[in-house]
Each structure stands twice: as structure tokens, then as C-alpha cells.
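Peer 1: Have a look at this one before I ask anything.
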Amino acid sequence: MIKKRLCNLFLIISLEDTVVAGALLHNPDPVQVGDHVLIFRPAYVTGKIGVVCRRESNLDTQGRNRWLIQVDLDTETIIVSLTSNDFQVINLESS
């Protein structure tokens with residue numbers, strides 16, 4: 001599975017569109033439900049590929065910029081709440 005192979009790679013990100021391990025990174029693209037994302041932080045999911053589930057619904061203003069991201073780890077699947085600065089949208093290219 002492409003997603004699993006990408007999760008274990010060390011990736012170097014630049015500020016321009018870049019091709020990394022079969023993934024095209026875009027700057028800046030609006031986040032949409034279903035997008036695949038490369039996670040920068042927190043450390044326990046850094047470098048993992050996640051899928052955007054939805055925008056976090058929170059009554060305070062800080063919640064408007066947070067997204068719920070599903071991440072498949074080796075032993076479990078988790079949902080993390082991240083700001084858009086914590087990840088970057090990618091397109092997985094099939095080859």
C-alpha cells in the first residue's frame with residue numbers, strides 16, 4: 001500500500017511545490033475532507049500520512065483552524081486534532 005510505504009520515509013519539505021516519494025506537495029491549497037496530508041507535528045506522528053476527517057467543531061475561535069486527521073499507526077488508528085500549520089496537503093500519485 002502506497003500510504004504505508006510513505007509513512008516510514010524521512011521527508012524533506014521545501015516551501016515550493018515538491019515531489020517527495022511519489023507525493024506532490026502543494027502550497028498553499030485549501031484543506032478539504034478526504035485530503036491526504038503529511039504531518040509535521042506533534043512528534044509521535046511526524047512524517048506520517050493522514051486523512052482529513054473534518055474541521056473540528058469547537059465553540060471557541062481557536063477551534064475554527066483545527067482539523068481532525070485520521071492516522072494509521074503500526075498497531076492502531078488514531079484521530080489527532082491539528083492546526084493547518086501542523087500538516088501539508090499532498091496528492092498521492094499512483095504509479
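Residues are named by chain letter and number: chains run A, B, ... in the order of the C-alpha cells, numbers start at 1 in each chain, and ligands are numbered from 1 in the order shown.
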Please provide as a list in words all residues within 7 Å of Gly34 of chain A, with the sequence filter that same-chain residues fewer than 2 positions apart are discarded (counting only C-alpha atoms).

Peer 2: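 Neighbouring residues, sequence-local ones excluded: Gln32, His36, Val51, Val52 and Cys53 of chain A.
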
Peer 1: At a cut-off of 12 Å, using only C-alpha atoms, what residues contact Val45 of chain A? Leave out same-chain residues fewer than 3 positions from it and give the result as a list in words.

Peer 2: Cys7, Asn8, Val37, Leu38, Ile39, Phe40, Arg41, Pro42, Lys48, Ile49, Gly50, Ile69, Gln70, Val71, Asp72, Leu73, Asp74, Thr77, Ile78, Ile79, Val80, Ser81, Leu82, Asp86 and Phe87 of chain A

Peer 1: Smallest atom-to-atom distance to Val31 of chain A: which of A:Asn65, A:Glu76, A:Ser57, A:Gly47, using only C-alpha atoms?

Peer 2: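 Once distances to Val31 of chain A are computed over only C-alpha atoms, the minimum belongs to A:Asn65.
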
Peer 1: Report, in Å to a single decimal, how far apart atom CA of Glu56 of chain A and atom CA of Leu68 of chain A are.

Peer 2: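 Separating atom CA of Leu68 of chain A from atom CA of Glu56 of chain A is a distance of 5.8 Å.
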
Peer 1: Using DSSP secondary structure from the backbone, list all strand (DSSP E) positions within segment 41-81 of chain A, as a PDB file with C-alpha atoms, in the first residue's frame.

Peer 2:
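Contents of out-v2.pdb, as written:
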ATOM      1  CA  ILE A  49       0.379  10.332   6.190  1.00  0.00           C
ATOM      2  CA  GLY A  50      -3.115  11.088   7.465  1.00  0.00           C
ATOM      3  CA  VAL A  51      -6.566  11.644   6.011  1.00  0.00           C
ATOM      4  CA  VAL A  52      -8.652  14.731   6.802  1.00  0.00           C
ATOM      5  CA  CYS A  53     -11.902  13.647   8.507  1.00  0.00           C
ATOM      6  CA  ARG A  54     -13.465  17.045   9.162  1.00  0.00           C
ATOM      7  CA  ARG A  55     -12.930  20.522  10.538  1.00  0.00           C
ATOM      8  CA  ARG A  66      -8.190  22.885  13.638  1.00  0.00           C
ATOM      9  CA  TRP A  67      -8.768  19.713  11.663  1.00  0.00           C
ATOM     10  CA  LEU A  68      -9.419  16.127  12.743  1.00  0.00           C
ATOM     11  CA  ILE A  69      -6.926  13.868  10.954  1.00  0.00           C
ATOM     12  CA  GLN A  70      -7.058  10.055  10.915  1.00  0.00           C
ATOM     13  CA  VAL A  71      -3.615   8.466  11.195  1.00  0.00           C
ATOM     14  CA  ASP A  72      -2.901   4.745  10.779  1.00  0.00           C
ATOM     15  CA  THR A  77      -5.678   4.011  14.056  1.00  0.00           C
ATOM     16  CA  ILE A  78      -5.937   7.335  15.881  1.00  0.00           C
ATOM     17  CA  ILE A  79      -7.575  10.710  15.315  1.00  0.00           C
ATOM     18  CA  VAL A  80      -5.483  13.810  16.025  1.00  0.00           C
ATOM     19  CA  SER A  81      -6.577  17.447  16.169  1.00  0.00           C
TER      20      SER A  81
END
